[in-house]
Amino acid sequence: MQSRVQWVENMTFVGQSSSGHSIVLDGNGGEKAPSPMELVLMAAGGCSSVDVVSGLQDLQQQITACEVNISAERREQAPRIFTSANLHFVVTGHALDDELVSKVVVDSLEKYCSVCLMLGKGVELSHSYEIVAA
């Protein structure tokens, strides 16, 4: 897997994935586009959401929506790495089994989500979830 990031102007950059997709990045804390650190959180949420949705579908759960809200803390001094993050899943569906939702969320963060597993080497990760009946 490869990617490329090219400087455009000021603190604006364009990243391009090996699959040909592009995204603008903003080094000024998100004035024009997501900052690189915001993209890290979105990547963790996206990667884990794939696991949760596919896991629940594999378990024949009638999921109709899945959202994850990620909150994170960073160090005040440079390097301003994340010190902790919580992924809170809001899973909507018909007659969802609480135990299965819990298991799929835990398994994603502890076994399957590549991004979360990488972050977990230096970031205290936690998770929570809620079920909404559709």
# chains A, B, ... in the order shown; residues from 1 in each chain; ligands from 1
>>> select_by_dssp(residues="range 20-61 of chain A", states="helix (DSSP H, G or I)", output="compact mmCIF listing (two decimals) with N, CA, C and O atoms, in the first residue's frame")
# COMPACT_ATOMS: atom_id res chain seq x y z
N PRO A 36 -4.50 16.52 9.80
CA PRO A 36 -4.02 15.13 9.81
C PRO A 36 -4.47 14.35 11.05
O PRO A 36 -4.85 13.19 10.95
N MET A 37 -4.50 15.01 12.21
CA MET A 37 -4.92 14.31 13.43
C MET A 37 -6.42 14.00 13.41
O MET A 37 -6.85 12.97 13.91
N GLU A 38 -7.22 14.89 12.81
CA GLU A 38 -8.65 14.59 12.65
C GLU A 38 -8.84 13.39 11.74
O GLU A 38 -9.72 12.55 11.96
N LEU A 39 -8.01 13.30 10.71
CA LEU A 39 -8.10 12.16 9.80
C LEU A 39 -7.75 10.85 10.51
O LEU A 39 -8.34 9.80 10.21
N VAL A 40 -6.83 10.90 11.46
CA VAL A 40 -6.49 9.70 12.23
C VAL A 40 -7.73 9.21 12.98
O VAL A 40 -8.05 8.01 12.97
N LEU A 41 -8.45 10.14 13.61
CA LEU A 41 -9.67 9.75 14.34
C LEU A 41 -10.73 9.22 13.39
O LEU A 41 -11.39 8.21 13.68
N MET A 42 -10.90 9.88 12.24
CA MET A 42 -11.88 9.41 11.27
C MET A 42 -11.49 8.03 10.73
O MET A 42 -12.37 7.17 10.51
N ALA A 43 -10.19 7.80 10.55
CA ALA A 43 -9.74 6.49 10.08
C ALA A 43 -10.06 5.41 11.11
O ALA A 43 -10.52 4.32 10.77
N ALA A 44 -9.84 5.71 12.38
CA ALA A 44 -10.16 4.74 13.44
C ALA A 44 -11.66 4.46 13.46
O ALA A 44 -12.09 3.29 13.53
N GLY A 45 -12.46 5.50 13.38
CA GLY A 45 -13.90 5.31 13.38
C GLY A 45 -14.40 4.57 12.16
O GLY A 45 -15.27 3.70 12.25
N GLY A 46 -13.83 4.88 11.01
CA GLY A 46 -14.24 4.20 9.78
C GLY A 46 -13.85 2.74 9.78
O GLY A 46 -14.67 1.87 9.45
N CYS A 47 -12.64 2.46 10.18
CA CYS A 47 -12.16 1.08 10.20
C CYS A 47 -12.98 0.24 11.18
O CYS A 47 -13.42 -0.87 10.86
N SER A 48 -13.20 0.78 12.37
CA SER A 48 -13.96 0.03 13.37
C SER A 48 -15.42 -0.11 12.96
O SER A 48 -16.03 -1.16 13.21
N SER A 49 -16.00 0.90 12.33
CA SER A 49 -17.39 0.81 11.88
C SER A 49 -17.59 -0.30 10.86
O SER A 49 -18.60 -1.00 10.87
N VAL A 50 -16.61 -0.48 9.98
CA VAL A 50 -16.68 -1.58 9.01
C VAL A 50 -16.78 -2.91 9.75
O VAL A 50 -17.60 -3.76 9.42
N ASP A 51 -15.96 -3.07 10.79
CA ASP A 51 -16.00 -4.31 11.58
C ASP A 51 -17.35 -4.50 12.27
O ASP A 51 -17.90 -5.60 12.27
N VAL A 52 -17.87 -3.42 12.85
CA VAL A 52 -19.12 -3.52 13.60
C VAL A 52 -20.28 -3.86 12.67
O VAL A 52 -21.06 -4.77 12.93
N VAL A 53 -20.40 -3.12 11.57
CA VAL A 53 -21.50 -3.37 10.64
C VAL A 53 -21.41 -4.77 10.05
O VAL A 53 -22.38 -5.54 10.06
N SER A 54 -20.24 -5.14 9.54
CA SER A 54 -20.12 -6.46 8.92
C SER A 54 -20.29 -7.58 9.95
O SER A 54 -20.90 -8.62 9.67
N GLY A 55 -19.78 -7.36 11.17
CA GLY A 55 -19.93 -8.36 12.21
C GLY A 55 -21.39 -8.58 12.60
O GLY A 55 -21.83 -9.73 12.75
N LEU A 56 -22.13 -7.50 12.73
CA LEU A 56 -23.54 -7.64 13.08
C LEU A 56 -24.34 -8.25 11.93
O LEU A 56 -25.24 -9.06 12.16
N GLN A 57 -24.00 -7.89 10.70
CA GLN A 57 -24.67 -8.51 9.56
C GLN A 57 -24.38 -10.01 9.52
O GLN A 57 -25.27 -10.81 9.27
N ASP A 58 -23.13 -10.39 9.76
CA ASP A 58 -22.77 -11.81 9.78
C ASP A 58 -23.54 -12.58 10.85
O ASP A 58 -23.81 -13.77 10.70
>>> select_by_dssp(residues="range 7-70 of chain A", states="strand (DSSP E or B)", output="PyMOL selection string")
chain A and resi 7-9+12-17+22-26+62-70
>>> write_last_selection(atoms="N, CA, C and O atoms", output="short mmCIF file (atom, residue, chain, number, x, y, z; two decimals), in the first residue's frame")
data_model
loop_
_atom_site.label_atom_id
_atom_site.label_comp_id
_atom_site.auth_asym_id
_atom_site.auth_seq_id
_atom_site.Cartn_x
_atom_site.Cartn_y
_atom_site.Cartn_z
N TRP A 7 2.29 19.17 -1.15
CA TRP A 7 2.03 20.52 -0.66
C TRP A 7 1.41 21.34 -1.76
O TRP A 7 1.89 21.35 -2.90
N VAL A 8 0.33 22.05 -1.46
CA VAL A 8 -0.37 22.88 -2.44
C VAL A 8 0.02 24.34 -2.25
O VAL A 8 0.56 24.98 -3.15
N GLU A 9 -0.28 24.89 -1.07
CA GLU A 9 0.09 26.27 -0.72
C GLU A 9 -0.10 26.45 0.77
O GLU A 9 -0.83 25.70 1.41
N THR A 12 -1.77 23.93 3.20
CA THR A 12 -2.74 23.06 2.55
C THR A 12 -2.01 21.99 1.75
O THR A 12 -1.07 22.30 1.01
N PHE A 13 -2.44 20.75 1.91
CA PHE A 13 -1.82 19.61 1.25
C PHE A 13 -2.91 18.76 0.60
O PHE A 13 -4.07 18.79 1.02
N VAL A 14 -2.54 17.97 -0.38
CA VAL A 14 -3.46 17.01 -0.98
C VAL A 14 -2.83 15.63 -0.85
O VAL A 14 -1.69 15.42 -1.28
N GLY A 15 -3.59 14.73 -0.25
CA GLY A 15 -3.14 13.35 -0.13
C GLY A 15 -3.84 12.51 -1.18
O GLY A 15 -5.01 12.74 -1.49
N GLN A 16 -3.11 11.58 -1.76
CA GLN A 16 -3.70 10.69 -2.76
C GLN A 16 -3.38 9.25 -2.37
O GLN A 16 -2.24 8.90 -2.08
N SER A 17 -4.43 8.43 -2.36
CA SER A 17 -4.27 7.02 -2.01
C SER A 17 -3.84 6.22 -3.23
O SER A 17 -4.00 6.66 -4.37
N SER A 22 -8.42 11.17 -3.57
CA SER A 22 -7.70 12.31 -3.02
C SER A 22 -8.47 12.95 -1.88
O SER A 22 -9.70 12.90 -1.83
N ILE A 23 -7.72 13.57 -0.96
CA ILE A 23 -8.31 14.30 0.14
C ILE A 23 -7.42 15.50 0.47
O ILE A 23 -6.20 15.40 0.40
N VAL A 24 -8.05 16.60 0.78
CA VAL A 24 -7.32 17.80 1.18
C VAL A 24 -7.04 17.71 2.67
O VAL A 24 -7.89 17.26 3.45
N LEU A 25 -5.84 18.13 3.08
CA LEU A 25 -5.46 18.17 4.48
C LEU A 25 -5.06 19.60 4.82
O LEU A 25 -4.48 20.30 3.99
N ASP A 26 -5.36 20.02 6.05
CA ASP A 26 -5.06 21.37 6.48
C ASP A 26 -4.15 21.33 7.70
O ASP A 26 -4.53 20.82 8.74
N GLN A 62 -30.46 -7.29 12.53
CA GLN A 62 -31.16 -6.39 11.61
C GLN A 62 -30.74 -4.95 11.86
O GLN A 62 -31.50 -4.13 12.38
N ILE A 63 -29.51 -4.63 11.49
CA ILE A 63 -28.94 -3.30 11.69
C ILE A 63 -29.41 -2.38 10.56
O ILE A 63 -29.41 -2.76 9.39
N THR A 64 -29.83 -1.17 10.94
CA THR A 64 -30.28 -0.19 9.93
C THR A 64 -29.39 1.04 9.89
O THR A 64 -29.41 1.78 8.91
N ALA A 65 -28.60 1.26 10.94
CA ALA A 65 -27.69 2.41 10.96
C ALA A 65 -26.59 2.17 11.99
O ALA A 65 -26.79 1.43 12.96
N CYS A 66 -25.47 2.79 11.75
CA CYS A 66 -24.35 2.73 12.69
C CYS A 66 -23.58 4.03 12.61
O CYS A 66 -23.22 4.47 11.52
N GLU A 67 -23.39 4.64 13.75
CA GLU A 67 -22.62 5.89 13.82
C GLU A 67 -21.62 5.73 14.94
O GLU A 67 -21.93 5.12 15.98
N VAL A 68 -20.43 6.27 14.78
CA VAL A 68 -19.46 6.25 15.87
C VAL A 68 -18.98 7.68 16.10
O VAL A 68 -18.64 8.40 15.17
N ASN A 69 -19.04 8.08 17.36
CA ASN A 69 -18.56 9.40 17.77
C ASN A 69 -17.26 9.18 18.54
O ASN A 69 -17.24 8.44 19.53
N ILE A 70 -16.21 9.81 18.07
CA ILE A 70 -14.89 9.60 18.66
C ILE A 70 -14.48 10.87 19.40
O ILE A 70 -14.49 11.95 18.83
#
>>> atom_distance(atom1="CA of Ser102 in chain A", atom2="CA of Gly120 in chain A")
18.9 Å
>>> residues_around(residues="Leu117 in chain A", least_positions_apart="4", cutoff="12 Å", atoms="only C-alpha atoms", output="mmCIF file with N, CA and C atoms, in the first residue's frame")
data_model
loop_
_atom_site.group_PDB
_atom_site.id
_atom_site.type_symbol
_atom_site.label_atom_id
_atom_site.label_comp_id
_atom_site.auth_asym_id
_atom_site.auth_seq_id
_atom_site.Cartn_x
_atom_site.Cartn_y
_atom_site.Cartn_z
ATOM 1 N N ALA A 43 -10.193 7.798 10.554
ATOM 2 C CA ALA A 43 -9.737 6.489 10.082
ATOM 3 C C ALA A 43 -10.057 5.412 11.115
ATOM 4 N N ALA A 44 -9.840 5.712 12.383
ATOM 5 C CA ALA A 44 -10.161 4.739 13.440
ATOM 6 C C ALA A 44 -11.658 4.456 13.462
ATOM 7 N N CYS A 47 -12.645 2.460 10.176
ATOM 8 C CA CYS A 47 -12.155 1.082 10.201
ATOM 9 C C CYS A 47 -12.977 0.241 11.183
ATOM 10 N N SER A 48 -13.204 0.777 12.371
ATOM 11 C CA SER A 48 -13.958 0.034 13.370
ATOM 12 C C SER A 48 -15.425 -0.112 12.964
ATOM 13 N N VAL A 106 -16.357 -4.787 21.007
ATOM 14 C CA VAL A 106 -15.123 -5.160 21.708
ATOM 15 C C VAL A 106 -14.156 -5.864 20.755
ATOM 16 N N ASP A 107 -14.666 -6.817 19.980
ATOM 17 C CA ASP A 107 -13.800 -7.544 19.050
ATOM 18 C C ASP A 107 -13.157 -6.611 18.031
ATOM 19 N N SER A 108 -13.904 -5.620 17.570
ATOM 20 C CA SER A 108 -13.326 -4.687 16.606
ATOM 21 C C SER A 108 -12.124 -3.977 17.213
ATOM 22 N N LEU A 109 -12.303 -3.408 18.399
ATOM 23 C CA LEU A 109 -11.229 -2.626 19.010
ATOM 24 C C LEU A 109 -10.067 -3.482 19.491
ATOM 25 N N GLU A 110 -10.344 -4.716 19.888
ATOM 26 C CA GLU A 110 -9.292 -5.548 20.476
ATOM 27 C C GLU A 110 -8.678 -6.571 19.526
ATOM 28 N N LYS A 111 -9.392 -6.911 18.424
ATOM 29 C CA LYS A 111 -8.899 -7.982 17.562
ATOM 30 C C LYS A 111 -8.771 -7.619 16.083
ATOM 31 N N TYR A 112 -9.697 -6.810 15.549
ATOM 32 C CA TYR A 112 -9.800 -6.689 14.099
ATOM 33 C C TYR A 112 -9.450 -5.328 13.490
ATOM 34 N N CYS A 113 -9.755 -4.236 14.170
ATOM 35 C CA CYS A 113 -9.552 -2.913 13.572
ATOM 36 C C CYS A 113 -8.068 -2.556 13.533
ATOM 37 N N LYS A 121 -1.260 0.956 20.737
ATOM 38 C CA LYS A 121 0.111 0.755 21.207
ATOM 39 C C LYS A 121 0.584 1.945 22.037
ATOM 40 N N GLY A 122 -0.018 3.139 21.813
ATOM 41 C CA GLY A 122 0.415 4.313 22.567
ATOM 42 C C GLY A 122 -0.723 5.163 23.093
ATOM 43 N N VAL A 123 -1.944 4.788 22.782
ATOM 44 C CA VAL A 123 -3.114 5.565 23.168
ATOM 45 C C VAL A 123 -4.034 4.682 23.998
ATOM 46 N N GLU A 124 -4.530 5.217 25.102
ATOM 47 C CA GLU A 124 -5.486 4.475 25.908
ATOM 48 C C GLU A 124 -6.847 4.530 25.222
ATOM 49 N N LEU A 125 -7.241 3.420 24.601
ATOM 50 C CA LEU A 125 -8.505 3.361 23.867
ATOM 51 C C LEU A 125 -9.600 2.776 24.741
ATOM 52 N N SER A 126 -10.778 3.355 24.630
ATOM 53 C CA SER A 126 -11.942 2.795 25.295
ATOM 54 C C SER A 126 -13.101 2.807 24.322
#
>>> atom_distance(atom1="CA of Thr83 in chain A", atom2="CA of Met1 in chain A")
27.1 Å
>>> atom_distance(atom1="CA of Tyr129 in chain A", atom2="CA of Val90 in chain A")
5.8 Å
>>> closest_residue(among="A:Leu59, A:Val5, A:Ala33, A:Val132", to="His21 in chain A", atoms="only C-alpha atoms")
A:Val5
>>> closest_residue(among="A:Ile131, A:Leu119, A:Val101, A:Ile81", to="Gln61 in chain A", atoms="only C-alpha atoms")
A:Val101
>>> residues_around(residues="Phe82 in chain A", least_positions_apart="4", cutoff="8 Å", atoms="only C-alpha atoms", output="list in words")
Ala72, Glu73, Arg74, Arg75 and Val123 of chain A
>>> write_last_selection(atoms="N, CA, C and O atoms", output="short mmCIF file (atom, residue, chain, number, x, y, z; two decimals), in the first residue's frame")
data_model
loop_
_atom_site.label_atom_id
_atom_site.label_comp_id
_atom_site.auth_asym_id
_atom_site.auth_seq_id
_atom_site.Cartn_x
_atom_site.Cartn_y
_atom_site.Cartn_z
N ALA A 72 -11.29 12.40 21.77
CA ALA A 72 -9.89 12.08 22.09
C ALA A 72 -9.24 13.23 22.84
O ALA A 72 -9.64 14.39 22.72
N GLU A 73 -8.24 12.89 23.60
CA GLU A 73 -7.42 13.86 24.33
C GLU A 73 -6.01 13.82 23.76
O GLU A 73 -5.52 12.75 23.38
N ARG A 74 -5.40 15.01 23.70
CA ARG A 74 -4.02 15.12 23.20
C ARG A 74 -3.13 15.77 24.24
O ARG A 74 -3.60 16.52 25.09
N ARG A 75 -1.85 15.50 24.15
CA ARG A 75 -0.88 16.17 25.01
C ARG A 75 -0.85 17.65 24.67
O ARG A 75 -1.07 18.03 23.52
N VAL A 123 -1.94 4.79 22.78
CA VAL A 123 -3.11 5.57 23.17
C VAL A 123 -4.03 4.68 24.00
O VAL A 123 -4.29 3.54 23.64
#
